[in-house]
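To be precise, the following lines are coords_33.cif, and they hold mmCIF, C-alpha atoms.
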data_structure
loop_
_atom_site.group_PDB
_atom_site.id
_atom_site.type_symbol
_atom_site.label_atom_id
_atom_site.label_comp_id
_atom_site.auth_asym_id
_atom_site.auth_seq_id
_atom_site.Cartn_x
_atom_site.Cartn_y
_atom_site.Cartn_z
ATOM 1 C CA MET A 7 25.660 22.522 -1.300
ATOM 2 C CA HIS A 8 23.287 20.381 -3.336
ATOM 3 C CA LYS A 9 24.456 17.208 -5.112
ATOM 4 C CA SER A 10 22.822 15.833 -8.247
ATOM 5 C CA GLY A 11 23.811 13.272 -10.851
ATOM 6 C CA PHE A 12 23.005 10.348 -13.109
ATOM 7 C CA VAL A 13 23.758 6.913 -11.666
ATOM 8 C CA ASN A 14 23.662 4.376 -14.491
ATOM 9 C CA ILE A 15 23.401 0.623 -13.919
ATOM 10 C CA VAL A 16 24.946 -1.672 -16.548
ATOM 11 C CA GLY A 17 26.090 -5.271 -16.792
ATOM 12 C CA ASN A 18 25.376 -8.655 -18.316
ATOM 13 C CA PRO A 19 21.873 -10.175 -18.402
ATOM 14 C CA ASN A 20 20.422 -11.708 -15.245
ATOM 15 C CA VAL A 21 22.998 -10.395 -12.756
ATOM 16 C CA GLY A 22 20.387 -8.496 -10.739
ATOM 17 C CA LYS A 23 20.484 -4.971 -12.174
ATOM 18 C CA SER A 24 16.733 -4.450 -11.875
ATOM 19 C CA THR A 25 16.634 -5.848 -8.346
ATOM 20 C CA LEU A 26 19.415 -3.443 -7.386
ATOM 21 C CA MET A 27 17.656 -0.511 -9.070
ATOM 22 C CA ASN A 28 14.449 -1.186 -7.144
ATOM 23 C CA ALA A 29 16.350 -1.601 -3.869
ATOM 24 C CA LEU A 30 18.200 1.698 -4.317
ATOM 25 C CA VAL A 31 15.117 3.630 -5.402
ATOM 26 C CA GLY A 32 12.823 2.066 -2.809
ATOM 27 C CA GLU A 33 10.113 1.483 -5.407
ATOM 28 C CA ARG A 34 9.314 -1.358 -7.786
ATOM 29 C CA LEU A 35 9.999 0.259 -11.158
ATOM 30 C CA SER A 36 11.788 -2.513 -13.099
ATOM 31 C CA ILE A 37 10.689 -6.031 -13.950
ATOM 32 C CA ILE A 38 12.308 -8.700 -11.784
ATOM 33 C CA THR A 39 12.194 -12.327 -12.935
ATOM 34 C CA SER A 40 14.655 -15.204 -13.091
ATOM 35 C CA LYS A 41 14.716 -14.934 -16.880
ATOM 36 C CA ALA A 42 17.350 -12.923 -18.715
ATOM 37 C CA GLN A 43 16.611 -9.972 -21.016
ATOM 38 C CA THR A 44 13.585 -8.801 -19.052
ATOM 39 C CA THR A 45 14.492 -5.095 -19.209
ATOM 40 C CA ARG A 46 13.983 -3.641 -22.693
ATOM 41 C CA HIS A 47 14.055 0.095 -22.049
ATOM 42 C CA ARG A 48 16.243 2.490 -20.130
ATOM 43 C CA ILE A 49 14.177 3.279 -17.036
ATOM 44 C CA LEU A 50 14.855 6.202 -14.706
ATOM 45 C CA GLY A 51 14.180 6.077 -10.972
ATOM 46 C CA ILE A 52 14.646 9.320 -9.055
ATOM 47 C CA VAL A 53 15.613 9.530 -5.376
ATOM 48 C CA ASN A 54 15.442 12.903 -3.641
ATOM 49 C CA GLY A 55 16.781 14.238 -0.370
ATOM 50 C CA GLU A 56 17.069 17.733 1.012
ATOM 51 C CA ASP A 57 20.553 18.170 -0.404
ATOM 52 C CA PHE A 58 20.742 15.595 -3.195
ATOM 53 C CA GLN A 59 19.000 14.052 -6.204
ATOM 54 C CA MET A 60 20.072 10.653 -7.558
ATOM 55 C CA VAL A 61 18.779 9.803 -11.027
ATOM 56 C CA TYR A 62 19.162 6.038 -11.360
ATOM 57 C CA SER A 63 18.998 4.382 -14.760
ATOM 58 C CA ASP A 64 18.305 0.679 -15.241
ATOM 59 C CA THR A 65 19.392 -0.694 -18.622
ATOM 60 C CA PRO A 66 18.988 -3.930 -20.598
ATOM 61 C CA GLY A 67 21.634 -6.596 -20.116
ATOM 62 C CA VAL A 68 24.567 -6.395 -22.515
ATOM 63 C CA LEU A 69 24.183 -9.033 -25.241
ATOM 64 C CA SER A 70 25.064 -9.907 -28.816
ATOM 65 C CA PRO A 71 21.942 -8.862 -30.770
ATOM 66 C CA ASN A 72 20.103 -11.350 -32.984
ATOM 67 C CA TYR A 73 17.343 -9.008 -34.230
ATOM 68 C CA ARG A 74 16.569 -5.294 -34.394
ATOM 69 C CA LEU A 75 14.902 -5.087 -30.963
ATOM 70 C CA GLN A 76 18.032 -6.468 -29.295
ATOM 71 C CA GLU A 77 20.155 -3.988 -31.256
ATOM 72 C CA GLN A 78 18.155 -1.167 -29.680
ATOM 73 C CA MET A 79 18.424 -2.771 -26.229
ATOM 74 C CA LEU A 80 22.219 -2.797 -26.643
ATOM 75 C CA GLU A 81 22.126 0.887 -27.641
ATOM 76 C CA PHE A 82 20.284 1.699 -24.411
ATOM 77 C CA SER A 83 23.120 0.024 -22.496
ATOM 78 C CA ARG A 84 25.829 1.803 -24.495
ATOM 79 C CA SER A 85 24.142 5.181 -24.009
ATOM 80 C CA ALA A 86 24.437 4.696 -20.237
ATOM 81 C CA LEU A 87 28.216 4.932 -20.628
ATOM 82 C CA VAL A 88 27.977 8.414 -22.125
ATOM 83 C CA ASP A 89 26.083 10.438 -19.510
ATOM 84 C CA ALA A 90 26.979 8.682 -16.254
ATOM 85 C CA ASP A 91 28.203 10.713 -13.298
ATOM 86 C CA VAL A 92 28.481 7.423 -11.394
ATOM 87 C CA LEU A 93 28.525 4.089 -13.226
ATOM 88 C CA LEU A 94 27.472 0.893 -11.447
ATOM 89 C CA TYR A 95 28.873 -2.121 -13.295
ATOM 90 C CA VAL A 96 26.973 -5.101 -11.896
ATOM 91 C CA THR A 97 28.325 -8.612 -11.954
ATOM 92 C CA ASP A 98 27.467 -11.573 -9.732
ATOM 93 C CA VAL A 99 29.146 -14.586 -8.168
ATOM 94 C CA ASN A 100 28.504 -16.711 -11.295
ATOM 95 C CA ASP A 101 29.249 -14.088 -13.938
ATOM 96 C CA SER A 102 32.308 -14.059 -16.198
ATOM 97 C CA ALA A 103 34.362 -11.058 -17.278
ATOM 98 C CA ASP A 104 34.663 -12.697 -20.714
ATOM 99 C CA ARG A 105 30.927 -12.627 -21.513
ATOM 100 C CA ASN A 106 31.077 -9.137 -23.032
ATOM 101 C CA ALA A 107 34.731 -8.186 -23.053
ATOM 102 C CA ASP A 108 34.281 -5.269 -25.481
ATOM 103 C CA PHE A 109 31.707 -3.583 -23.253
ATOM 104 C CA LEU A 110 33.851 -4.137 -20.159
ATOM 105 C CA ALA A 111 36.802 -2.573 -21.989
ATOM 106 C CA LYS A 112 34.729 0.596 -22.446
ATOM 107 C CA VAL A 113 33.957 0.598 -18.712
ATOM 108 C CA LYS A 114 37.710 0.311 -17.983
ATOM 109 C CA LYS A 115 38.420 3.329 -20.196
ATOM 110 C CA MET A 116 35.764 5.357 -18.376
ATOM 111 C CA ALA A 117 37.263 4.476 -14.996
ATOM 112 C CA ALA A 118 40.781 5.306 -16.212
ATOM 113 C CA ALA A 119 39.521 8.654 -17.553
ATOM 114 C CA GLY A 120 38.131 9.633 -14.161
ATOM 115 C CA THR A 121 34.462 8.578 -14.202
ATOM 116 C CA LYS A 122 33.439 7.203 -10.815
ATOM 117 C CA VAL A 123 32.862 3.477 -11.404
ATOM 118 C CA PHE A 124 31.546 1.141 -8.720
ATOM 119 C CA LEU A 125 31.987 -2.581 -9.357
ATOM 120 C CA ILE A 126 29.040 -4.389 -7.775
ATOM 121 C CA ILE A 127 29.421 -8.107 -6.971
ATOM 122 C CA ASN A 128 25.794 -9.171 -6.485
ATOM 123 C CA LYS A 129 24.218 -12.356 -5.066
ATOM 124 C CA ILE A 130 26.934 -12.884 -2.464
ATOM 125 C CA ASP A 131 24.387 -14.824 -0.377
ATOM 126 C CA LEU A 132 24.835 -17.632 -2.927
ATOM 127 C CA THR A 133 28.568 -18.176 -2.453
ATOM 128 C CA THR A 134 31.237 -18.899 0.165
ATOM 129 C CA GLN A 135 33.562 -16.436 1.863
ATOM 130 C CA ASP A 136 36.622 -17.910 0.113
ATOM 131 C CA THR A 137 35.029 -17.563 -3.323
ATOM 132 C CA LEU A 138 33.934 -14.017 -2.558
ATOM 133 C CA GLU A 139 37.451 -13.021 -1.507
ATOM 134 C CA ARG A 140 38.827 -14.397 -4.790
ATOM 135 C CA LEU A 141 36.200 -12.470 -6.754
ATOM 136 C CA VAL A 142 36.969 -9.229 -4.938
ATOM 137 C CA ALA A 143 40.689 -9.683 -5.632
ATOM 138 C CA PHE A 144 39.991 -10.470 -9.299
ATOM 139 C CA TRP A 145 37.860 -7.368 -9.852
ATOM 140 C CA GLN A 146 40.248 -5.120 -7.940
ATOM 141 C CA HIS A 147 42.958 -6.276 -10.357
ATOM 142 C CA THR A 148 40.687 -6.043 -13.440
ATOM 143 C CA LEU A 149 39.259 -2.605 -12.610
ATOM 144 C CA PRO A 150 41.839 -1.017 -10.293
ATOM 145 C CA GLU A 151 40.231 2.454 -10.491
ATOM 146 C CA ALA A 152 36.803 1.132 -9.428
ATOM 147 C CA ALA A 153 35.483 0.755 -5.892
ATOM 148 C CA VAL A 154 34.283 -2.830 -5.279
ATOM 149 C CA PHE A 155 31.033 -3.453 -3.380
ATOM 150 C CA PRO A 156 29.969 -7.031 -2.531
ATOM 151 C CA ILE A 157 26.194 -7.015 -1.981
ATOM 152 C CA SER A 158 22.992 -9.029 -2.108
ATOM 153 C CA ALA A 159 20.352 -6.801 -3.690
ATOM 154 C CA ARG A 160 17.629 -9.368 -3.039
ATOM 155 C CA GLU A 161 18.468 -9.592 0.670
ATOM 156 C CA ARG A 162 19.302 -5.857 0.863
ATOM 157 C CA PHE A 163 22.741 -6.710 2.279
ATOM 158 C CA GLY A 164 25.238 -3.928 1.609
ATOM 159 C CA VAL A 165 22.692 -1.788 -0.267
ATOM 160 C CA ALA A 166 22.576 0.988 2.374
ATOM 161 C CA GLN A 167 26.385 1.320 2.340
ATOM 162 C CA LEU A 168 26.363 1.434 -1.475
ATOM 163 C CA PHE A 169 23.647 4.109 -1.412
ATOM 164 C CA ASP A 170 25.720 6.274 0.927
ATOM 165 C CA ALA A 171 28.817 5.874 -1.250
ATOM 166 C CA ILE A 172 26.863 6.897 -4.359
ATOM 167 C CA ARG A 173 25.504 9.979 -2.608
ATOM 168 C CA GLU A 174 29.029 11.028 -1.621
ATOM 169 C CA ALA A 175 30.261 10.506 -5.204
ATOM 170 C CA LEU A 176 27.626 12.759 -6.806
ATOM 171 C CA PRO A 177 28.876 16.065 -8.234
ATOM 172 C CA ASP A 178 27.587 19.369 -6.919
ATOM 173 C CA GLY A 179 24.596 20.637 -8.859
ATOM 174 C CA GLU A 180 20.942 21.557 -8.940
ATOM 175 C CA PRO A 181 18.255 18.854 -9.380
ATOM 176 C CA PHE A 182 17.461 17.748 -12.919
ATOM 177 C CA PHE A 183 13.826 16.877 -12.135
ATOM 178 C CA PRO A 184 11.135 18.232 -9.787
ATOM 179 C CA LYS A 185 11.701 16.954 -6.256
ATOM 180 C CA ASP A 186 8.381 15.080 -6.164
ATOM 181 C CA GLN A 187 9.026 13.147 -9.398
ATOM 182 C CA LEU A 188 9.733 9.409 -9.108
ATOM 183 C CA THR A 189 10.451 8.449 -12.731
ATOM 184 C CA ASP A 190 10.488 9.765 -16.284
ATOM 185 C CA LYS A 191 7.990 7.161 -17.506
ATOM 186 C CA PRO A 192 4.202 7.702 -17.791
ATOM 187 C CA ALA A 193 1.610 5.568 -15.988
ATOM 188 C CA ARG A 194 0.848 3.520 -19.108
ATOM 189 C CA PHE A 195 4.475 2.383 -19.310
ATOM 190 C CA PHE A 196 4.266 0.662 -15.925
ATOM 191 C CA VAL A 197 0.985 -1.021 -16.852
ATOM 192 C CA ASN A 198 2.751 -2.416 -19.925
ATOM 193 C CA GLU A 199 5.686 -3.603 -17.841
ATOM 194 C CA ILE A 200 3.525 -5.287 -15.194
ATOM 195 C CA ILE A 201 1.575 -7.196 -17.840
ATOM 196 C CA ARG A 202 4.795 -8.171 -19.629
ATOM 197 C CA GLU A 203 6.252 -9.384 -16.335
ATOM 198 C CA LYS A 204 3.293 -11.754 -15.861
ATOM 199 C CA ILE A 205 3.822 -13.075 -19.384
ATOM 200 C CA LEU A 206 7.486 -13.739 -18.532
ATOM 201 C CA LEU A 207 6.409 -15.653 -15.426
ATOM 202 C CA ASN A 208 3.640 -17.714 -17.053
ATOM 203 C CA TYR A 209 5.055 -18.745 -20.437
ATOM 204 C CA ASP A 210 8.170 -20.591 -21.537
ATOM 205 C CA LYS A 211 10.605 -20.628 -24.434
ATOM 206 C CA GLU A 212 10.246 -17.853 -27.028
ATOM 207 C CA ILE A 213 6.761 -16.606 -26.094
ATOM 208 C CA PRO A 214 7.832 -13.963 -23.504
ATOM 209 C CA TYR A 215 10.432 -12.511 -25.864
ATOM 210 C CA SER A 216 8.047 -12.381 -28.833
ATOM 211 C CA VAL A 217 5.407 -10.192 -27.197
ATOM 212 C CA GLU A 218 4.918 -6.469 -26.730
ATOM 213 C CA VAL A 219 2.161 -4.874 -24.663
ATOM 214 C CA GLU A 220 0.310 -1.687 -25.546
ATOM 215 C CA VAL A 221 -2.280 0.118 -23.425
ATOM 216 C CA GLU A 222 -5.076 1.239 -25.743
ATOM 217 C CA SER A 223 -7.070 3.086 -23.099
ATOM 218 C CA PHE A 224 -6.384 4.259 -19.549
ATOM 219 C CA GLN A 225 -9.347 5.978 -17.902
ATOM 220 C CA GLU A 226 -8.973 7.040 -14.277
ATOM 221 C CA GLU A 227 -12.260 7.642 -12.466
ATOM 222 C CA ASP A 228 -12.859 8.694 -8.861
ATOM 223 C CA LYS A 229 -12.841 5.153 -7.495
ATOM 224 C CA LEU A 230 -11.636 3.002 -10.384
ATOM 225 C CA ILE A 231 -9.093 2.818 -13.208
ATOM 226 C CA ARG A 232 -10.336 1.207 -16.441
ATOM 227 C CA ILE A 233 -7.604 -0.214 -18.664
ATOM 228 C CA ASN A 234 -7.751 -1.946 -22.045
ATOM 229 C CA ALA A 235 -4.436 -3.452 -23.155
ATOM 230 C CA VAL A 236 -3.336 -5.508 -26.156
ATOM 231 C CA ILE A 237 -0.698 -8.233 -26.088
ATOM 232 C CA PHE A 238 0.957 -8.377 -29.512
ATOM 233 C CA CYS A 239 2.763 -11.539 -30.617
ATOM 234 C CA GLU A 240 4.493 -12.538 -33.853
ATOM 235 C CA ARG A 241 2.626 -15.730 -34.862
ATOM 236 C CA GLU A 242 -0.928 -17.110 -34.816
ATOM 237 C CA SER A 243 0.400 -20.175 -32.987
ATOM 238 C CA GLN A 244 1.746 -17.901 -30.248
ATOM 239 C CA LYS A 245 -1.643 -16.204 -29.954
ATOM 240 C CA GLY A 246 -3.272 -19.550 -29.195
ATOM 241 C CA ILE A 247 -0.705 -20.372 -26.521
ATOM 242 C CA ILE A 248 -1.104 -16.975 -24.847
ATOM 243 C CA ILE A 249 -4.898 -17.284 -24.719
ATOM 244 C CA GLY A 250 -4.829 -20.930 -23.632
ATOM 245 C CA ARG A 251 -7.612 -23.490 -23.519
ATOM 246 C CA ALA A 252 -10.940 -21.671 -23.021
ATOM 247 C CA GLY A 253 -8.958 -18.508 -22.280
ATOM 248 C CA THR A 254 -7.572 -19.812 -18.984
ATOM 249 C CA ALA A 255 -3.952 -18.736 -19.549
ATOM 250 C CA LEU A 256 -4.898 -15.179 -20.506
ATOM 251 C CA LYS A 257 -7.279 -14.929 -17.539
ATOM 252 C CA ARG A 258 -4.448 -15.960 -15.196
ATOM 253 C CA VAL A 259 -2.140 -13.287 -16.619
ATOM 254 C CA GLY A 260 -4.899 -10.695 -16.337
ATOM 255 C CA SER A 261 -5.707 -11.571 -12.732
ATOM 256 C CA GLN A 262 -2.074 -11.444 -11.637
ATOM 257 C CA ALA A 263 -1.430 -8.192 -13.510
ATOM 258 C CA ARG A 264 -4.544 -6.505 -12.140
ATOM 259 C CA LYS A 265 -3.472 -7.164 -8.540
ATOM 260 C CA ASP A 266 -0.038 -5.627 -9.121
ATOM 261 C CA ILE A 267 -1.462 -2.659 -11.039
ATOM 262 C CA GLU A 268 -3.857 -1.999 -8.149
ATOM 263 C CA GLU A 269 -0.949 -2.105 -5.719
ATOM 264 C CA PHE A 270 1.105 0.225 -7.926
ATOM 265 C CA PHE A 271 -1.659 2.850 -8.253
ATOM 266 C CA GLN A 272 -3.311 2.177 -4.877
ATOM 267 C CA LYS A 273 -6.713 2.033 -6.546
ATOM 268 C CA PRO A 274 -9.125 -0.654 -7.843
ATOM 269 C CA VAL A 275 -8.554 -1.574 -11.498
ATOM 270 C CA PHE A 276 -10.785 -3.042 -14.205
ATOM 271 C CA LEU A 277 -8.403 -4.651 -16.720
ATOM 272 C CA GLN A 278 -9.297 -6.106 -20.100
ATOM 273 C CA LEU A 279 -6.662 -7.940 -22.143
ATOM 274 C CA PHE A 280 -6.737 -8.757 -25.844
ATOM 275 C CA VAL A 281 -4.255 -10.697 -28.003
ATOM 276 C CA LYS A 282 -3.359 -9.737 -31.572
ATOM 277 C CA VAL A 283 -0.711 -10.793 -34.090
ATOM 278 C CA ASP A 284 1.857 -8.243 -35.290
ATOM 279 C CA ARG A 285 4.011 -10.395 -37.526
ATOM 280 C CA ASP A 286 7.797 -10.074 -37.044
ATOM 281 C CA TRP A 287 7.464 -6.797 -35.110
ATOM 282 C CA ARG A 288 10.847 -7.314 -33.405
ATOM 283 C CA SER A 289 12.612 -6.906 -36.761
ATOM 284 C CA SER A 290 10.531 -4.010 -38.087
ATOM 285 C CA GLN A 291 11.979 -0.539 -37.605
ATOM 286 C CA LYS A 292 8.532 1.023 -38.138
ATOM 287 C CA ARG A 293 6.820 -1.187 -35.547
ATOM 288 C CA LEU A 294 9.611 -0.762 -32.997
ATOM 289 C CA ARG A 295 9.259 3.024 -33.257
ATOM 290 C CA HIS A 296 5.510 2.607 -32.749
ATOM 291 C CA TYR A 297 6.163 0.674 -29.530
ATOM 292 C CA GLY A 298 8.440 3.374 -28.184
ATOM 293 C CA TYR A 299 11.909 2.148 -29.122
ATOM 294 C CA ASP A 300 13.901 5.162 -30.329
ATOM 295 C CA LEU A 301 15.840 3.837 -33.312
ATOM 296 C CA THR A 302 18.179 6.645 -34.247
#

Go through the file and emit its structure as structure tokens.
Amino acid sequence: MHKSGFVNIVGNPNVGKSTLMNALVGERLSIITSKAQTTRHRILGIVNGEDFQMVYSDTPGVLSPNYRLQEQMLEFSRSALVDADVLLYVTDVNDSADRNADFLAKVKKMAAAGTKVFLIINKIDLTTQDTLERLVAFWQHTLPEAAVFPISARERFGVAQLFDAIREALPDGEPFFPKDQLTDKPARFFVNEIIREKILLNYDKEIPYSVEVEVESFQEEDKLIRINAVIFCERESQKGIIIGRAGTALKRVGSQARKDIEEFFQKPVFLQLFVKVDRDWRSSQKRLRHYGYDLT
């Protein structure tokens, strides 16, 4: 018998969903930084075995939206509740069940209705045994139908046991994707994400959340990939900060991104970055559609 199913990862911002996704998939598909709200899209990572296919889905952290982009991010998270064969609700040792009570209530209903829900307590390397035992007891009481898994995704502690439990929970079925496929996203998407990750790491305050990246050209030659990408921001003042004095800040982002893109594609890369202003794009339905956010 072959097992196949969608394993959707949801939870509050900055609890380690992307780190867990990458650990389970065995590939670096999602942005990982210490800043919240780094994941904007719903990203699939596909794991295949002889008798199973796990289709993992990383989603944005659940939040109260302040502008149209965040509304779409919340929709990505809500959609993960609809098609999950196995739902991973990720919390951590510092998280609170009150942060998004309405969303958690939906998870409870799914578990009560028979959906397999795994409650993941992440970052257990940052707490004591007594605190962890209290957290396990709390979540067992809060979500009695869910299986509780204390893990550290960063340290890979408990990840193998979680993987095995997910595989056992999958329903019988044929694979949804070809067995050699790793993700549903095209190459350009991961270039965008790598560049955006470097912006998150190099700039403070609102800058990382005000930018979108778009690959204008991606030309793969025998021994080299040539990429031109544009960083769009919302204000002229932001453009100056991104470029930096004599272009030093932009050069740093480009150098760091190029190294990771080369590692991702296992090929030398020539990367050119440009910065343009796209005023208030986060609140424009037309511009969000252009950048690949499906506003339905």

Compare A:Thr137, A:Pro274, A:Val16, A:Val165 by their minimum atom-to-atom distance to Lys112 of chain A, counting only C-alpha atoms, and give me the closest one.
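Ranking A:Thr137, A:Pro274, A:Val16, A:Val165 by distance to Lys112 of chain A, first place goes to A:Val16.
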
All residues 10 Å or closer to Gly120 of chain A, only C-alpha atoms, same chain fewer than 4 positions away omitted, as a ChimeraX atom specification:
/A:115-116,151-152

Best match for closeness to Ala90 of chain A among A:Leu168, A:Val275, A:Ala103, A:Val113, counting all atoms listed in the file
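With all atoms listed in the file as the atom set, the closest residue is A:Val113.
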
Convert the output of the PyMOL selection byres ((chain A and resi 57) around 9) on the shown file into explicit residues, formatted as a list in words.
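This file gives the following for the PyMOL selection byres ((chain A and resi 57) around 9): Met7, His8, Lys9, Ser10, Asn54, Gly55, Glu56, Phe58 and Gln59 of chain A.
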
Using only C-alpha atoms, which of A:Val281, A:Ile172, A:Val96, A:Ala118 sits nearest Lys245 of chain A?
A:Val281

List every protein, DNA or RNA residue that has an atom no more than 10 Å from (8.7, -12.5, -26.0) in the file's coordinate frame, counting only C-alpha atoms, and report them as a PyMOL selection string.
chain A and resi 43-44+202+205-206+209-218+238-240+244+288

Ground truth for the PyMOL selection byres ((chain A and resi 259) around 10), written as a list in words
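Selected by the PyMOL selection byres ((chain A and resi 259) around 10) here: Ile200, Ile201, Arg202, Glu203, Lys204, Ile205, Leu206, Leu207, Asn208, Tyr209, Ile248, Ile249, Thr254, Ala255, Leu256, Lys257, Arg258, Gly260, Ser261, Gln262, Ala263, Arg264 and Leu279 of chain A.
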
One-decimal distance in Å that lies between atom CA of Leu94 of chain A and atom CA of Phe124 of chain A
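Answer for the atom CA of Phe124 of chain A to atom CA of Leu94 of chain A separation: 4.9 Å.
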
So, counting only C-alpha atoms, which residue among A:Ala193, A:Gln278, A:Phe169, A:Val219 is closest to Ile233 of chain A?
A:Gln278

When you count all atoms listed in the file, which of these residues is closest to Phe144 of chain A: A:Leu50, A:Glu180, A:Val221, A:Ile127?
A:Ile127

As AutoDock Vina command-line options, what would the box around segment 90-93 of chain A look like: edges along x, y and z, 6 Å added on every side, centre and edge lengths in Å to one decimal?
--center_x 27.8 --center_y 7.4 --center_z -13.8 --size_x 13.5 --size_y 18.6 --size_z 16.9
